[in-house]
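The data block below is protein06.pdb; it holds PDB, C-alpha atoms.
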```
MODEL        1
ATOM      1  CA  MET A 861      49.321 274.401 283.861  1.00  0.00           C
ATOM      2  CA  ARG A 862      47.648 272.070 286.359  1.00  0.00           C
ATOM      3  CA  PHE A 863      50.741 270.130 287.320  1.00  0.00           C
ATOM      4  CA  VAL A 864      54.413 270.780 286.810  1.00  0.00           C
ATOM      5  CA  LEU A 865      56.765 267.901 286.037  1.00  0.00           C
ATOM      6  CA  ILE A 866      59.877 270.062 286.003  1.00  0.00           C
ATOM      7  CA  ASP A 867      61.640 270.904 289.254  1.00  0.00           C
ATOM      8  CA  ARG A 868      64.408 273.102 287.914  1.00  0.00           C
ATOM      9  CA  ILE A 869      65.630 274.508 284.614  1.00  0.00           C
ATOM     10  CA  GLN A 870      69.399 274.107 284.690  1.00  0.00           C
ATOM     11  CA  GLU A 871      70.435 275.526 281.353  1.00  0.00           C
ATOM     12  CA  ILE A 872      68.709 277.282 278.499  1.00  0.00           C
ATOM     13  CA  VAL A 873      69.891 278.507 275.128  1.00  0.00           C
ATOM     14  CA  PRO A 874      66.859 280.342 273.661  1.00  0.00           C
ATOM     15  CA  GLY A 875      65.949 279.094 270.214  1.00  0.00           C
ATOM     16  CA  GLN A 876      68.160 276.033 270.600  1.00  0.00           C
ATOM     17  CA  SER A 877      68.058 273.863 273.726  1.00  0.00           C
ATOM     18  CA  LEU A 878      67.056 273.465 277.364  1.00  0.00           C
ATOM     19  CA  THR A 879      68.134 271.150 280.180  1.00  0.00           C
ATOM     20  CA  ALA A 880      65.815 270.567 283.129  1.00  0.00           C
ATOM     21  CA  VAL A 881      65.496 268.086 285.978  1.00  0.00           C
ATOM     22  CA  LYS A 882      62.637 266.136 287.521  1.00  0.00           C
ATOM     23  CA  ASN A 883      63.264 264.712 290.989  1.00  0.00           C
ATOM     24  CA  LEU A 884      60.945 261.759 291.447  1.00  0.00           C
ATOM     25  CA  SER A 885      59.623 261.519 294.986  1.00  0.00           C
ATOM     26  CA  LEU A 886      57.531 258.794 296.582  1.00  0.00           C
ATOM     27  CA  ALA A 887      55.136 261.610 297.572  1.00  0.00           C
ATOM     28  CA  GLU A 888      53.894 261.903 293.968  1.00  0.00           C
ATOM     29  CA  GLU A 889      50.233 260.868 294.037  1.00  0.00           C
ATOM     30  CA  TYR A 890      50.227 258.815 290.851  1.00  0.00           C
ATOM     31  CA  LEU A 891      52.859 256.442 292.268  1.00  0.00           C
ATOM     32  CA  ALA A 892      50.278 254.946 294.656  1.00  0.00           C
ATOM     33  CA  ASP A 893      48.531 253.404 291.638  1.00  0.00           C
ATOM     34  CA  HIS A 894      51.476 252.979 289.259  1.00  0.00           C
ATOM     35  CA  PHE A 895      52.218 250.328 290.438  1.00  0.00           C
ATOM     36  CA  PRO A 896      51.303 249.200 293.977  1.00  0.00           C
ATOM     37  CA  GLY A 897      54.426 247.651 295.492  1.00  0.00           C
ATOM     38  CA  PHE A 898      56.535 248.734 292.497  1.00  0.00           C
ATOM     39  CA  PRO A 899      56.191 252.529 292.096  1.00  0.00           C
ATOM     40  CA  VAL A 900      57.586 253.895 288.810  1.00  0.00           C
ATOM     41  CA  MET A 901      57.006 257.046 286.789  1.00  0.00           C
ATOM     42  CA  PRO A 902      54.545 256.295 283.973  1.00  0.00           C
ATOM     43  CA  GLY A 903      55.988 256.572 280.480  1.00  0.00           C
ATOM     44  CA  VAL A 904      53.346 259.089 279.463  1.00  0.00           C
ATOM     45  CA  LEU A 905      54.519 261.379 282.288  1.00  0.00           C
ATOM     46  CA  MET A 906      58.124 261.072 281.095  1.00  0.00           C
ATOM     47  CA  LEU A 907      56.881 262.277 277.693  1.00  0.00           C
ATOM     48  CA  GLU A 908      54.910 265.049 279.421  1.00  0.00           C
ATOM     49  CA  ALA A 909      58.063 266.155 281.283  1.00  0.00           C
ATOM     50  CA  MET A 910      59.887 266.417 277.925  1.00  0.00           C
ATOM     51  CA  THR A 911      56.927 268.336 276.487  1.00  0.00           C
ATOM     52  CA  GLN A 912      56.897 270.771 279.409  1.00  0.00           C
ATOM     53  CA  SER A 913      60.651 271.280 279.061  1.00  0.00           C
ATOM     54  CA  ALA A 914      60.230 272.042 275.362  1.00  0.00           C
ATOM     55  CA  ALA A 915      57.360 274.434 276.111  1.00  0.00           C
ATOM     56  CA  TRP A 916      59.620 276.416 278.476  1.00  0.00           C
ATOM     57  CA  LEU A 917      62.213 276.603 275.703  1.00  0.00           C
ATOM     58  CA  VAL A 918      59.622 277.982 273.277  1.00  0.00           C
ATOM     59  CA  ARG A 919      58.270 280.454 275.849  1.00  0.00           C
ATOM     60  CA  SER A 920      61.713 281.822 276.632  1.00  0.00           C
ATOM     61  CA  THR A 921      62.562 282.041 272.924  1.00  0.00           C
ATOM     62  CA  GLU A 922      59.349 283.865 271.992  1.00  0.00           C
ATOM     63  CA  ASP A 923      59.092 286.005 275.150  1.00  0.00           C
ATOM     64  CA  PHE A 924      55.895 284.256 276.272  1.00  0.00           C
ATOM     65  CA  LYS A 925      54.049 285.117 273.049  1.00  0.00           C
ATOM     66  CA  HIS A 926      51.531 282.263 273.500  1.00  0.00           C
ATOM     67  CA  SER A 927      49.443 281.429 276.554  1.00  0.00           C
ATOM     68  CA  THR A 928      49.015 277.777 275.600  1.00  0.00           C
ATOM     69  CA  ILE A 929      51.618 275.318 274.312  1.00  0.00           C
ATOM     70  CA  LEU A 930      50.523 271.730 273.806  1.00  0.00           C
ATOM     71  CA  LEU A 931      51.879 268.461 272.485  1.00  0.00           C
ATOM     72  CA  LYS A 932      50.759 268.083 268.871  1.00  0.00           C
ATOM     73  CA  SER A 933      52.406 264.799 267.962  1.00  0.00           C
ATOM     74  CA  ALA A 934      54.950 262.313 269.259  1.00  0.00           C
ATOM     75  CA  LYS A 935      57.020 260.043 267.050  1.00  0.00           C
ATOM     76  CA  MET A 936      59.526 257.309 267.709  1.00  0.00           C
ATOM     77  CA  ILE A 937      59.224 257.584 271.493  1.00  0.00           C
ATOM     78  CA  LYS A 938      61.421 254.920 273.068  1.00  0.00           C
ATOM     79  CA  TYR A 939      61.680 254.012 276.724  1.00  0.00           C
ATOM     80  CA  GLY A 940      64.800 252.606 278.338  1.00  0.00           C
ATOM     81  CA  SER A 941      64.093 251.568 281.901  1.00  0.00           C
ATOM     82  CA  PHE A 942      61.970 252.345 284.938  1.00  0.00           C
ATOM     83  CA  VAL A 943      62.265 255.661 286.788  1.00  0.00           C
ATOM     84  CA  GLU A 944      61.716 254.962 290.461  1.00  0.00           C
ATOM     85  CA  PRO A 945      61.421 257.301 293.471  1.00  0.00           C
ATOM     86  CA  GLY A 946      64.671 258.820 294.670  1.00  0.00           C
ATOM     87  CA  ARG A 947      66.033 259.241 291.134  1.00  0.00           C
ATOM     88  CA  GLN A 948      66.614 262.448 289.177  1.00  0.00           C
ATOM     89  CA  LEU A 949      65.567 262.467 285.533  1.00  0.00           C
ATOM     90  CA  THR A 950      67.598 264.979 283.522  1.00  0.00           C
ATOM     91  CA  LEU A 951      65.686 266.191 280.471  1.00  0.00           C
ATOM     92  CA  HIS A 952      67.430 267.554 277.385  1.00  0.00           C
ATOM     93  CA  VAL A 953      65.270 269.085 274.646  1.00  0.00           C
ATOM     94  CA  GLU A 954      66.220 270.932 271.496  1.00  0.00           C
ATOM     95  CA  VAL A 955      64.558 272.535 268.526  1.00  0.00           C
ATOM     96  CA  ALA A 956      64.639 270.089 265.604  1.00  0.00           C
ATOM     97  CA  GLY A 957      63.709 272.474 262.791  1.00  0.00           C
ATOM     98  CA  PRO A 958      62.446 275.959 262.042  1.00  0.00           C
ATOM     99  CA  MET A 959      60.202 277.598 264.642  1.00  0.00           C
ATOM    100  CA  THR A 960      58.347 279.587 261.991  1.00  0.00           C
ATOM    101  CA  ASP A 961      54.973 277.825 262.237  1.00  0.00           C
ATOM    102  CA  PRO A 962      53.366 278.092 265.717  1.00  0.00           C
ATOM    103  CA  LEU A 963      51.067 275.217 264.756  1.00  0.00           C
ATOM    104  CA  ASN A 964      53.993 272.840 264.326  1.00  0.00           C
ATOM    105  CA  ILE A 965      57.223 273.377 266.247  1.00  0.00           C
ATOM    106  CA  PRO A 966      59.499 270.344 265.794  1.00  0.00           C
ATOM    107  CA  MET A 967      61.421 269.171 268.860  1.00  0.00           C
ATOM    108  CA  LYS A 968      63.541 266.259 269.973  1.00  0.00           C
ATOM    109  CA  GLY A 969      64.432 265.227 273.470  1.00  0.00           C
ATOM    110  CA  LYS A 970      65.616 262.636 275.902  1.00  0.00           C
ATOM    111  CA  GLY A 971      65.465 261.906 279.601  1.00  0.00           C
ATOM    112  CA  VAL A 972      68.607 260.473 281.208  1.00  0.00           C
ATOM    113  CA  ILE A 973      69.576 259.057 284.610  1.00  0.00           C
ATOM    114  CA  ASP A 974      73.255 258.390 285.295  1.00  0.00           C
ATOM    115  CA  GLY A 975      74.043 258.239 281.586  1.00  0.00           C
ATOM    116  CA  GLN A 976      71.217 255.794 280.813  1.00  0.00           C
ATOM    117  CA  VAL A 977      68.501 257.020 278.438  1.00  0.00           C
ATOM    118  CA  MET A 978      65.084 256.461 280.019  1.00  0.00           C
ATOM    119  CA  VAL A 979      62.985 258.152 277.322  1.00  0.00           C
ATOM    120  CA  GLN A 980      63.764 259.719 273.967  1.00  0.00           C
ATOM    121  CA  GLY A 981      62.039 260.736 270.791  1.00  0.00           C
ATOM    122  CA  LYS A 982      60.815 263.389 268.426  1.00  0.00           C
ATOM    123  CA  PHE A 983      57.678 265.410 268.969  1.00  0.00           C
ATOM    124  CA  SER A 984      56.033 268.631 267.907  1.00  0.00           C
ATOM    125  CA  LEU A 985      54.271 271.400 269.766  1.00  0.00           C
ATOM    126  CA  ILE A 986      51.392 273.673 268.889  1.00  0.00           C
ATOM    127  CA  CYS A 987      51.295 277.230 270.280  1.00  0.00           C
ATOM    128  CA  THR A 988      48.052 279.186 270.577  1.00  0.00           C
ATOM    129  CA  ASN A 989      46.298 281.925 272.454  1.00  0.00           C
ATOM    130  CA  LEU A 990      42.754 281.650 273.748  1.00  0.00           C
ATOM    131  CA  ARG A 991      41.941 285.027 272.188  1.00  0.00           C
ATOM    132  CA  ASP A 992      42.558 283.546 268.724  1.00  0.00           C
ATOM    133  CA  ARG A 993      39.226 281.704 269.003  1.00  0.00           C
ATOM    134  CA  ASP A 994      37.422 284.192 271.247  1.00  0.00           C
ATOM    135  CA  PRO A 995      38.680 287.790 271.529  1.00  0.00           C
ATOM    136  CA  GLN A 996      36.896 288.116 274.882  1.00  0.00           C
ATOM    137  CA  LEU A 997      39.505 285.753 276.367  1.00  0.00           C
ATOM    138  CA  ALA A 998      42.389 288.207 275.891  1.00  0.00           C
ATOM    139  CA  SER A 999      42.435 288.996 279.628  1.00  0.00           C
ATOM    140  CA  THR A1000      42.611 285.264 280.399  1.00  0.00           C
ATOM    141  CA  ASP A1001      45.625 284.988 278.073  1.00  0.00           C
ATOM    142  CA  ALA A1002      47.281 287.875 279.913  1.00  0.00           C
ATOM    143  CA  ALA A1003      46.650 286.256 283.315  1.00  0.00           C
ATOM    144  CA  LEU A1004      48.013 282.908 282.101  1.00  0.00           C
ATOM    145  CA  VAL A1005      51.155 284.504 280.691  1.00  0.00           C
ATOM    146  CA  GLU A1006      51.733 286.419 283.945  1.00  0.00           C
ATOM    147  CA  HIS A1007      51.396 283.166 285.923  1.00  0.00           C
ATOM    148  CA  LEU A1008      53.748 281.354 283.519  1.00  0.00           C
ATOM    149  CA  ARG A1009      56.363 284.119 283.793  1.00  0.00           C
ATOM    150  CA  ASP A1010      56.297 283.784 287.599  1.00  0.00           C
ATOM    151  CA  LEU A1011      56.586 280.012 287.402  1.00  0.00           C
ATOM    152  CA  TYR A1012      59.452 280.281 284.892  1.00  0.00           C
ATOM    153  CA  SER A1013      61.267 282.623 287.249  1.00  0.00           C
ATOM    154  CA  THR A1014      60.944 280.059 290.034  1.00  0.00           C
ATOM    155  CA  LEU A1015      62.109 277.199 287.813  1.00  0.00           C
ATOM    156  CA  VAL A1016      65.157 279.149 286.646  1.00  0.00           C
ATOM    157  CA  MET A1017      66.076 281.086 289.764  1.00  0.00           C
ATOM    158  CA  GLY A1018      64.703 278.980 292.578  1.00  0.00           C
ATOM    159  CA  SER A1019      63.261 280.176 295.841  1.00  0.00           C
ATOM    160  CA  VAL A1020      61.600 283.435 296.817  1.00  0.00           C
ATOM    161  CA  ALA A1021      64.932 284.611 298.243  1.00  0.00           C
ATOM    162  CA  SER A1022      66.567 284.038 294.853  1.00  0.00           C
ATOM    163  CA  LYS A1023      63.811 286.048 293.189  1.00  0.00           C
ATOM    164  CA  ALA A1024      64.373 288.867 295.664  1.00  0.00           C
ATOM    165  CA  ARG A1025      68.114 288.838 294.874  1.00  0.00           C
ATOM    166  CA  MET A1026      67.345 288.837 291.145  1.00  0.00           C
ATOM    167  CA  LYS A1027      64.949 291.806 291.574  1.00  0.00           C
ATOM    168  CA  ALA A1028      67.525 293.713 293.645  1.00  0.00           C
ATOM    169  CA  ALA A1029      70.166 293.100 290.964  1.00  0.00           C
ATOM    170  CA  GLU A1030      67.793 294.311 288.241  1.00  0.00           C
ATOM    171  CA  ASP A1031      66.927 297.435 290.274  1.00  0.00           C
ATOM    172  CA  SER A1032      70.610 298.112 290.889  1.00  0.00           C
ATOM    173  CA  ALA A1033      71.412 297.750 287.181  1.00  0.00           C
ATOM    174  CA  ALA A1034      68.525 300.060 286.252  1.00  0.00           C
ATOM    175  CA  ALA A1035      69.681 302.674 288.789  1.00  0.00           C
ATOM    176  CA  ALA A1036      73.218 302.533 287.404  1.00  0.00           C
ATOM    177  CA  LYS A1037      71.927 303.377 283.928  1.00  0.00           C
ATOM    178  CA  VAL A1038      70.247 306.563 285.180  1.00  0.00           C
TER     179      VAL A1038
ENDMDL
END
```

Let me see the structure of the file written as structure tokens.
Amino acid sequence: MRFVLIDRIQEIVPGQSLTAVKNLSLAEEYLADHFPGFPVMPGVLMLEAMTQSAAWLVRSTEDFKHSTILLKSAKMIKYGSFVEPGRQLTLHVEVAGPMTDPLNIPMKGKGVIDGQVMVQGKFSLICTNLRDRDPQLASTDAALVEHLRDLYSTLVMGSVASKARMKAAEDSAAAAKV
């Protein structure tokens, strides 16, 4: 993943729904060009933020089974208003049908600020592994999944200190079982 449009995953119900947030900052590079003197988050990036949120839902549901999750199609995408710097876009995504076909996972979502819908629509995802086309890329899949697991941990738990606390809690629970 070259860029991340999710700052924090707030709530997740595997197989059902996910809520995440995107804090829009004036420091985001694309705002210099979109638009000069009137910086707003491009609509396509609002859709990408919903797609990334949905991909995290699928990953957590399937225990990171696929290294690559992409937008397959988008339908009935509607935009409400402009998202300007200093605002927090709350993204709600949910599974909109069976997750049985990795080549077509139906989703629906919306992005909201202060109760106002900024983006909403239905879309579908496609889940693949690089090794499916070239078995020699299995190690690349493994490296991608490891990176995605680390990023997911940060998005869910937060800072390095939070990760250390989570690891200590896991170690403590494992020691208690012995």

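Every protein or nucleic acid residue with an atom no more than 7 Å from segment 918-931 of chain A, counting all atoms listed in the file and leaving out same-chain residues fewer than 4 positions away, appears here: Pro874, Gly875, Thr911, Ala914, Ser984, Leu985, Ile986, Cys987, Thr988, Asn989, Asp1001, Leu1004 and Val1005 of chain A.
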
- Using all atoms listed in the file, which of the listed residues (A:Leu884, A:Met901, A:Leu865, A:Ile937) sits closest to Val979 of chain A? A:Ile937

- Task: Given the file shown, determine the residues that the PyMOL selection byres ((chain A and resi 944) around 8) selects; report them as a VMD selection string.
- Result: chain A and resid 884 899 to 901 942 to 943 945 to 947

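Using only C-alpha atoms, the nearest neighbour of Pro962 of chain A within the list A:Ala915, A:Ile872, A:Val881, A:Asp974 is A:Ala915.
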
- Pull out every residue that the PyMOL selection byres ((chain A and resi 1009-1012) around 10) matches in the shown coordinates and put them as an NGL selection string. :A and (861 or 864 or 868-869 or 916 or 919-920 or 923-924 or 1003-1008 or 1013-1018 or 1023)

- Query: Do you know which residues are at most 9 Å from Gln876 of chain A counting only C-alpha atoms, after dropping those on the same chain fewer than 3 positions away, and could you put them as a VMD selection string?
  - Reply: chain A and resid 872 to 873 917 921 953 to 956

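Counting from atom CA of Asp961 of chain A, the distance to atom CA of Pro995 of chain A is 21.2 Å.
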
- Task: Can you work out the spacing between atom CA of Gly957 of chain A and atom CA of Pro902 of chain A in Å, to one decimal?
- Result: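 Going from atom CA of Gly957 of chain A over to atom CA of Pro902 of chain A covers 28.2 Å.
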
- Task: Report the distance between atom CA of Gly975 of chain A and atom CA of Ala887 of chain A in Å, rounded to one decimal place.
- Result: 25.0 Å

- Proximity to Met906 of chain A - best of A:Met936, A:Leu878, A:Ala892, A:Met978, only C-alpha atoms: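 Selected residue with least distance to Met906 of chain A: A:Met978.
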
- Query: Quick one: of A:Gln870, A:Ser885, A:Asn964, A:Thr879, who's nearest to Gln948 of chain A, counting all atoms listed in the file?
  - Reply: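 Nearest candidate to Gln948 of chain A out of A:Gln870, A:Ser885, A:Asn964, A:Thr879: A:Ser885.
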
- With only C-alpha atoms as the atoms that count, which of A:Glu871, A:Asp893, A:Glu888, A:Glu908 lies nearest to Gly971 of chain A?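 Among the listed residues, the smallest separation from Gly971 of chain A belongs to A:Glu908.
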
- Task: Determine, counting only C-alpha atoms, which protein, DNA and RNA residues have an atom within 8 Å of an atom of Ile866 of chain A; residues of the same chain fewer than 4 positions away are not included. Present the result as a ChimeraX atom specification.
- Result: /A:880-882,909,912-913,1015

Enclosing box along x, y and z for every listed atom of segment 967-970 of chain A, padded 5 Å each side, centre and size in Å, one decimal, as JSON:
```
{"center_x": 63.5, "center_y": 265.9, "center_z": 272.4, "size_x": 14.2, "size_y": 16.5, "size_z": 17.0}
```
